[in-house]
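See below for target15.csv, which holds CSV, C-alpha atoms.
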chain,number,residue,atom,x,y,z
E,1096,MET,CA,135.7,35.1,-62.7
E,1097,SER,CA,135.2,33.3,-65.9
E,1098,ASP,CA,136.1,34.8,-69.3
E,1099,ASP,CA,132.4,35.1,-70.2
E,1100,VAL,CA,131.6,37.1,-67.1
E,1101,LEU,CA,134.6,39.3,-67.6
E,1102,ASN,CA,133.6,40.0,-71.2
E,1103,ILE,CA,130.1,41.0,-70.1
E,1104,VAL,CA,131.5,43.3,-67.4
E,1105,LEU,CA,133.9,44.9,-69.8
E,1106,ALA,CA,131.1,45.4,-72.4
E,1107,VAL,CA,128.9,47.1,-69.7
E,1108,VAL,CA,131.7,49.3,-68.6
E,1109,ALA,CA,132.6,50.2,-72.2
E,1110,GLY,CA,129.0,51.0,-73.0
E,1111,GLY,CA,128.7,53.2,-69.9
E,1112,LEU,CA,131.9,55.1,-70.8
E,1113,GLY,CA,130.7,55.5,-74.3
E,1114,ALA,CA,127.3,56.9,-73.2
E,1115,ALA,CA,129.0,59.2,-70.7
E,1116,ALA,CA,131.4,60.5,-73.4
E,1117,GLY,CA,128.5,61.0,-75.9
E,1118,TRP,CA,126.5,62.9,-73.3
E,1119,PHE,CA,129.5,65.1,-72.5
E,1120,VAL,CA,130.2,65.9,-76.2
E,1121,ARG,CA,126.5,66.7,-76.8
E,1122,THR,CA,126.4,69.0,-73.8
E,1123,LEU,CA,129.6,70.7,-74.8
E,1124,VAL,CA,128.2,71.2,-78.4
E,1125,ARG,CA,124.9,72.6,-77.0
E,1126,ARG,CA,126.8,75.0,-74.7
E,1127,ARG,CA,129.1,76.2,-77.4
E,1128,GLY,CA,126.1,76.8,-79.7
E,1129,LEU,CA,124.3,78.7,-76.9
E,1130,ARG,CA,127.4,80.9,-76.3
E,1131,ARG,CA,127.6,81.7,-80.0
E,1132,LYS,CA,123.9,82.6,-80.0
E,1133,GLN,CA,124.2,84.7,-76.9
E,1134,ARG,CA,127.2,86.6,-78.4
E,1135,PHE,CA,125.4,87.2,-81.7
E,1136,PHE,CA,122.3,88.6,-80.0
E,1137,GLY,CA,124.2,90.3,-77.2
E,1138,LEU,CA,122.2,88.4,-74.6
E,1139,PRO,CA,124.5,86.8,-72.0
E,1140,ASP,CA,123.0,85.0,-69.0
E,1141,GLY,CA,120.8,87.2,-66.8
E,1142,SER,CA,121.0,90.2,-69.2
E,1143,ASP,CA,118.1,92.6,-70.1
E,1144,CYS,CA,117.0,93.6,-73.5
E,1145,LEU,CA,114.4,95.9,-75.0
E,1146,ILE,CA,111.6,95.1,-77.4
E,1147,VAL,CA,110.0,98.1,-79.1
E,1148,VAL,CA,106.6,97.6,-80.7
E,1149,ASN,CA,104.0,99.6,-82.5
E,1150,HIS,CA,100.4,100.2,-81.8
E,1151,ASP,CA,97.8,98.6,-84.0
E,1152,PRO,CA,96.5,101.6,-86.0
E,1153,GLY,CA,93.0,100.0,-86.1
E,1154,THR,CA,92.5,100.2,-82.4
E,1155,ARG,CA,92.4,103.0,-79.8
E,1156,ASP,CA,93.7,101.1,-76.8
E,1157,GLY,CA,97.3,100.7,-77.8
E,1158,PHE,CA,97.0,97.0,-78.7
E,1159,VAL,CA,99.8,95.3,-80.7
E,1160,SER,CA,98.7,94.0,-84.2
E,1161,ARG,CA,98.2,90.3,-84.6
E,1162,HIS,CA,101.3,89.7,-86.7
E,1163,ASP,CA,103.5,91.8,-84.5
E,1164,ALA,CA,102.3,89.8,-81.5
E,1165,PHE,CA,103.3,86.6,-83.3
E,1166,ALA,CA,106.8,88.2,-83.9
E,1167,LEU,CA,107.0,89.0,-80.2
E,1168,MET,CA,106.2,85.4,-79.3
E,1169,GLU,CA,109.1,84.1,-81.4
E,1170,LEU,CA,111.5,86.7,-79.9
E,1171,ALA,CA,110.3,85.8,-76.4
E,1172,ALA,CA,111.3,82.2,-77.0
E,1173,LEU,CA,114.7,83.2,-78.3
E,1174,ILE,CA,115.3,85.5,-75.3
E,1175,LYS,CA,114.3,82.9,-72.8
E,1176,GLU,CA,116.6,80.3,-74.5
E,1177,CYS,CA,119.5,82.8,-74.1
E,1178,GLY,CA,118.7,83.1,-70.4
E,1179,ALA,CA,117.9,86.9,-70.7
E,1180,HIS,CA,114.9,89.0,-69.8
E,1181,ALA,CA,112.9,91.4,-71.9
E,1182,ASP,CA,111.1,94.7,-71.4
E,1183,ILE,CA,108.4,95.5,-73.9
E,1184,VAL,CA,107.7,99.2,-74.5
E,1185,ALA,CA,105.7,101.2,-77.0
E,1186,HIS,CA,107.6,103.0,-79.8
E,1187,ASP,CA,106.6,106.4,-78.5
E,1188,THR,CA,107.9,105.8,-75.0
E,1189,ALA,CA,111.3,104.2,-75.7
E,1190,ARG,CA,114.0,106.4,-74.3
E,1191,GLN,CA,117.4,104.7,-74.7
E,1192,GLY,CA,120.5,105.2,-76.7
E,1193,PHE,CA,122.6,102.7,-78.6
E,1194,GLY,CA,124.6,99.9,-77.0
E,1195,VAL,CA,123.2,100.0,-73.5
E,1196,ARG,CA,121.3,96.8,-74.0
E,1197,THR,CA,120.2,94.7,-76.9
E,1198,GLU,CA,117.1,96.1,-78.7
E,1199,PHE,CA,114.6,94.4,-81.0
E,1200,CYS,CA,112.7,97.1,-82.9
E,1201,VAL,CA,109.7,95.7,-84.8
E,1202,GLY,CA,107.6,98.0,-87.0
E,1203,GLY,CA,107.5,100.1,-90.1
E,1204,PRO,CA,108.8,103.6,-90.3
E,1205,VAL,CA,105.6,105.4,-91.2
E,1206,SER,CA,104.0,105.1,-87.7
E,1207,HIS,CA,106.9,103.7,-85.6
E,1208,ARG,CA,108.9,106.6,-84.2
E,1209,ARG,CA,111.8,104.4,-83.0
E,1210,THR,CA,112.2,102.7,-86.4
E,1211,GLU,CA,112.1,106.1,-88.1
E,1212,ALA,CA,114.9,107.3,-85.7
E,1213,HIS,CA,117.0,104.2,-86.4
E,1214,LEU,CA,116.7,104.6,-90.2
E,1215,ARG,CA,117.6,108.3,-89.9
E,1216,SER,CA,120.6,107.7,-87.6
E,1217,LEU,CA,122.0,104.2,-88.6
E,1218,LEU,CA,120.6,103.6,-92.1
E,1219,PRO,CA,120.6,107.0,-93.8
E,1220,GLY,CA,120.7,105.5,-97.3
E,1221,ILE,CA,117.2,104.1,-97.1
E,1222,GLY,CA,114.3,106.2,-98.4
E,1223,VAL,CA,110.7,105.4,-97.5
E,1224,GLY,CA,107.5,106.5,-99.4
E,1225,THR,CA,105.2,108.0,-96.8
E,1226,GLY,CA,102.3,109.3,-98.8
E,1227,HIS,CA,99.8,107.6,-96.5
E,1228,GLY,CA,98.1,105.8,-99.4
E,1229,GLN,CA,97.9,108.9,-101.6
E,1230,ARG,CA,100.7,108.0,-104.0
E,1231,PRO,CA,101.7,104.9,-106.0
E,1232,ASP,CA,105.0,104.7,-104.1
E,1233,ASP,CA,103.4,104.9,-100.7
E,1234,GLY,CA,105.3,102.4,-98.4
E,1235,SER,CA,108.0,101.7,-101.0
E,1236,PHE,CA,111.7,101.4,-100.1
E,1237,LEU,CA,114.2,103.4,-102.1
E,1238,ILE,CA,117.6,101.8,-101.8
E,1239,GLY,CA,120.7,102.4,-104.0
E,1240,GLY,CA,118.6,104.1,-106.7
E,1241,ARG,CA,116.1,101.3,-106.9
E,1242,THR,CA,112.4,101.4,-105.7
E,1243,TYR,CA,110.8,98.3,-104.1
E,1244,ARG,CA,107.1,98.8,-104.2
E,1245,LEU,CA,104.4,97.1,-102.1
E,1246,ASP,CA,102.0,94.8,-103.9
E,1247,GLU,CA,99.8,93.9,-100.9
E,1248,GLY,CA,99.3,90.2,-100.4
E,1249,ALA,CA,101.5,89.3,-103.4
E,1250,THR,CA,105.0,90.9,-103.1
E,1251,GLU,CA,106.0,92.7,-99.9
E,1252,TYR,CA,109.5,93.8,-98.7
E,1253,VAL,CA,111.1,94.0,-95.3
E,1254,LEU,CA,114.4,95.1,-93.9
E,1255,LEU,CA,116.2,92.9,-91.4
E,1256,ALA,CA,119.2,94.5,-89.9
E,1257,ARG,CA,121.8,94.0,-87.1
E,1258,LEU,CA,123.2,97.4,-86.2
E,1259,THR,CA,125.5,99.0,-83.6
E,1260,GLY,CA,125.9,102.6,-82.6
E,1261,PRO,CA,129.1,104.7,-83.1
E,1262,GLN,CA,130.4,103.6,-79.7
E,1263,GLY,CA,129.7,99.9,-80.3
E,1264,GLY,CA,128.0,98.0,-77.4
E,1265,ARG,CA,125.0,95.8,-77.6
E,1266,PRO,CA,123.3,95.5,-81.0
E,1267,VAL,CA,120.0,96.8,-82.4
E,1268,PHE,CA,117.9,94.3,-84.4
E,1269,LEU,CA,115.5,96.0,-86.8
E,1270,ALA,CA,112.6,94.4,-88.6
E,1271,CYS,CA,111.1,97.2,-90.7
E,1272,GLY,CA,108.6,96.1,-93.3
E,1273,GLN,CA,105.8,97.3,-95.5
E,1274,ARG,CA,103.1,95.4,-93.6
E,1275,GLY,CA,102.7,93.7,-90.2
E,1276,ILE,CA,103.1,90.2,-91.7
E,1277,THR,CA,106.5,91.1,-93.1
E,1278,HIS,CA,107.7,91.8,-89.6
E,1279,GLN,CA,106.8,88.3,-88.5
E,1280,ALA,CA,108.5,86.9,-91.5
E,1281,ALA,CA,111.7,88.9,-90.8
E,1282,VAL,CA,111.8,87.8,-87.1
E,1283,ARG,CA,111.2,84.2,-88.1
E,1284,HIS,CA,114.0,84.4,-90.6
E,1285,LEU,CA,116.3,85.9,-87.9
E,1286,THR,CA,115.5,83.2,-85.3
E,1287,ARG,CA,115.8,80.3,-87.8
E,1288,HIS,CA,119.0,81.5,-89.6
E,1289,HIS,CA,121.0,83.3,-86.9
E,1290,SER,CA,123.8,80.8,-87.1
E,1291,ALA,CA,124.2,81.3,-90.9
E,1292,LEU,CA,124.0,85.0,-90.5
E,1293,ALA,CA,126.7,85.0,-87.8
E,1294,ARG,CA,129.0,82.9,-90.0
E,1295,ARG,CA,128.5,85.2,-93.0
E,1296,HIS,CA,128.6,88.6,-91.2
E,1297,GLY,CA,130.5,87.7,-88.1
E,1298,ALA,CA,129.3,87.3,-84.5
E,1299,ASP,CA,129.6,91.1,-84.0
E,1300,GLY,CA,129.0,92.1,-87.6
E,1301,THR,CA,126.7,94.8,-88.9
E,1302,PHE,CA,124.3,94.0,-91.8
E,1303,CYS,CA,121.1,95.1,-93.5
E,1304,LEU,CA,119.2,92.6,-95.7
E,1305,LEU,CA,116.3,93.2,-97.9
E,1306,LEU,CA,113.9,90.3,-97.8
E,1307,LYS,CA,110.8,89.6,-100.0
E,1308,VAL,CA,107.7,88.0,-98.7
E,1309,THR,CA,105.8,86.3,-101.5
E,1310,ASN,CA,102.0,85.7,-101.7
E,1311,SER,CA,101.4,86.3,-98.0
E,1312,ASP,CA,97.6,86.0,-98.6
E,1313,ALA,CA,98.1,82.3,-99.3
E,1314,TYR,CA,101.3,81.4,-97.5
E,1315,GLY,CA,101.5,83.8,-94.6
E,1316,PRO,CA,105.0,84.7,-93.5
E,1317,ASP,CA,106.6,81.4,-94.6
E,1318,VAL,CA,107.7,82.1,-98.1
E,1319,VAL,CA,110.7,84.5,-97.8
E,1320,GLU,CA,113.7,85.0,-100.0
E,1321,LEU,CA,116.7,87.2,-99.8
E,1322,VAL,CA,116.6,90.0,-102.4
E,1323,ALA,CA,120.0,91.6,-101.6
E,1324,ASP,CA,122.5,92.5,-98.9
E,1325,VAL,CA,122.0,96.2,-99.0
E,1326,THR,CA,124.4,97.0,-96.1
E,1327,THR,CA,126.7,99.3,-98.0
E,1328,ALA,CA,123.8,101.3,-99.8
E,1329,ALA,CA,121.8,101.5,-96.6
E,1330,THR,CA,124.6,102.8,-94.4
E,1331,THR,CA,125.8,105.3,-97.0
E,1332,PRO,CA,123.8,108.6,-96.9
E,1333,ALA,CA,121.8,109.0,-100.1
E,1334,PRO,CA,123.1,111.8,-102.4
E,1335,VAL,CA,121.1,115.0,-102.1
E,1336,THR,CA,119.6,116.0,-105.3
E,1337,PRO,CA,120.6,119.7,-105.9
E,1338,GLU,CA,117.7,122.0,-106.3
E,1339,ALA,CA,117.4,123.8,-109.6
E,1340,THR,CA,118.9,127.3,-109.4
E,1341,PRO,CA,116.3,129.8,-110.7
E,1342,ALA,CA,117.5,131.5,-113.9
E,1343,ALA,CA,118.5,135.1,-113.5
E,1344,ALA,CA,116.0,137.6,-114.8
E,1345,PRO,CA,117.2,139.2,-118.0
E,1346,GLU,CA,118.5,142.7,-117.8
E,1347,PRO,CA,116.1,145.3,-119.1
E,1348,ARG,CA,117.1,146.7,-122.5
E,1349,THR,CA,117.9,150.3,-122.7
Spit out the file's structure as structure tokens when you get a sec.
Amino acid sequence: MSDDVLNIVLAVVAGGLGAAAGWFVRTLVRRRGLRRKQRFFGLPDGSDCLIVVNHDPGTRDGFVSRHDAFALMELAALIKECGAHADIVAHDTARQGFGVRTEFCVGGPVSHRRTEAHLRSLLPGIGVGTGHGQRPDDGSFLIGGRTYRLDEGATEYVLLARLTGPQGGRPVFLACGQRGITHQAAVRHLTRHHSALARRHGADGTFCLLLKVTNSDAYGPDVVELVADVTTAATTPAPVTPEATPAAAPEPRT
């Protein structure tokens, strides 16, 4: 075999080995990334999870609102990528404790019973204005002594949380916003930034973030910014304002 032929053979072999090594490294990186994602979401291969949704208040047939449906589509893609399976149930039929399986709870607390229960049990420091449109603070969030009011179509807020029950187990992911479009924004933020969230809060960490959706009438759910990490304030029961003690009636003069 001449030197030229030998060099060609060696080059082909080296190229093949390099391609195989590159494929192996890329596969290993993808698998490690998938394992980290599965751990963060509590979705190992073949596992089941629960998606709890609200009814569209504008219909009588129990349909899901348009933006909640978009949020479900993004969650479905994530769950499929993790190799898990999802059960979708209405908020008023969900009967499950914490930690049994991963739960994605999408909806505001005014009409979503499951969200209301999670706020009461896991995020007792969050207050919600529920005046049903009769007060200026209707739909607002009260967190750490500050009020975050809804300005429909201009400035809207949503809570994005990863929570676990007292006994640990699988996590609950909560997207609780002031309008349906904010739920889609929160779910999109979660699916796009889960790696950064896991690095910052830990793969098994608990967090509650307050996000702001800006000018949704023009930009939809795409312009989102982090207002604050409100984990401490949200998980600490809000102080109870003592009721005023009625003054004692003066003693009659004699």
Neighbour list for Phe1302 (chain E) as a list in words, cut-off 12 Å, all atoms listed in the file, skip fewer than 4 positions in-chain
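Contacts, with the query itself left out: Leu1217, Leu1218, Leu1254, Leu1255, Ala1256, Arg1257, Leu1258, Thr1259, Pro1266, Val1267, Phe1268, Leu1269, Leu1292, Ala1293, Arg1295, His1296, Gly1297, Ala1298, Ala1323, Asp1324, Val1325, Thr1326, Thr1327, Ala1328, Ala1329 and Thr1330 of chain E.
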Between CA of Val1201 (chain E) and CA of Val1322 (chain E) lies a distance of 19.7 Å
Here is a test: counting only C-alpha atoms, which residue of E:Leu1167, E:Val1195, E:Ala1185, E:Cys1303 is nearest to Gly1137 (chain E)?
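Under the stated criterion, the closest residue is E:Val1195.
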Using only C-alpha atoms, can you list as a count of residues only the residues within 12 Å of (123.3, 104.7, -78.8)?
23
Of the residues E:Val1205, E:Val1318, E:Ala1181, E:Met1168, which is the one nearest to His1150 (chain E), using only C-alpha atoms?
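Going through E:Val1205, E:Val1318, E:Ala1181, E:Met1168 one by one, the smallest distance to His1150 (chain E) is for E:Val1205.
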Selection near Ala1166 (chain E), 7 Å with all atoms listed in the file, sequence-local residues under 5 positions removed, as a ChimeraX atom specification
/E:1278-1279,1282
To one decimal place in Å, what is the distance between CA of Asp1140 (chain E) and CA of Gly1178 (chain E)?
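Distance reported for this atom pair: 4.9 Å.
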Could you tell me how far CA of Pro1139 (chain E) lies from CA of Leu1285 (chain E), in Å and to one decimal?
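Rounded to one decimal, the two atoms are 17.9 Å apart.
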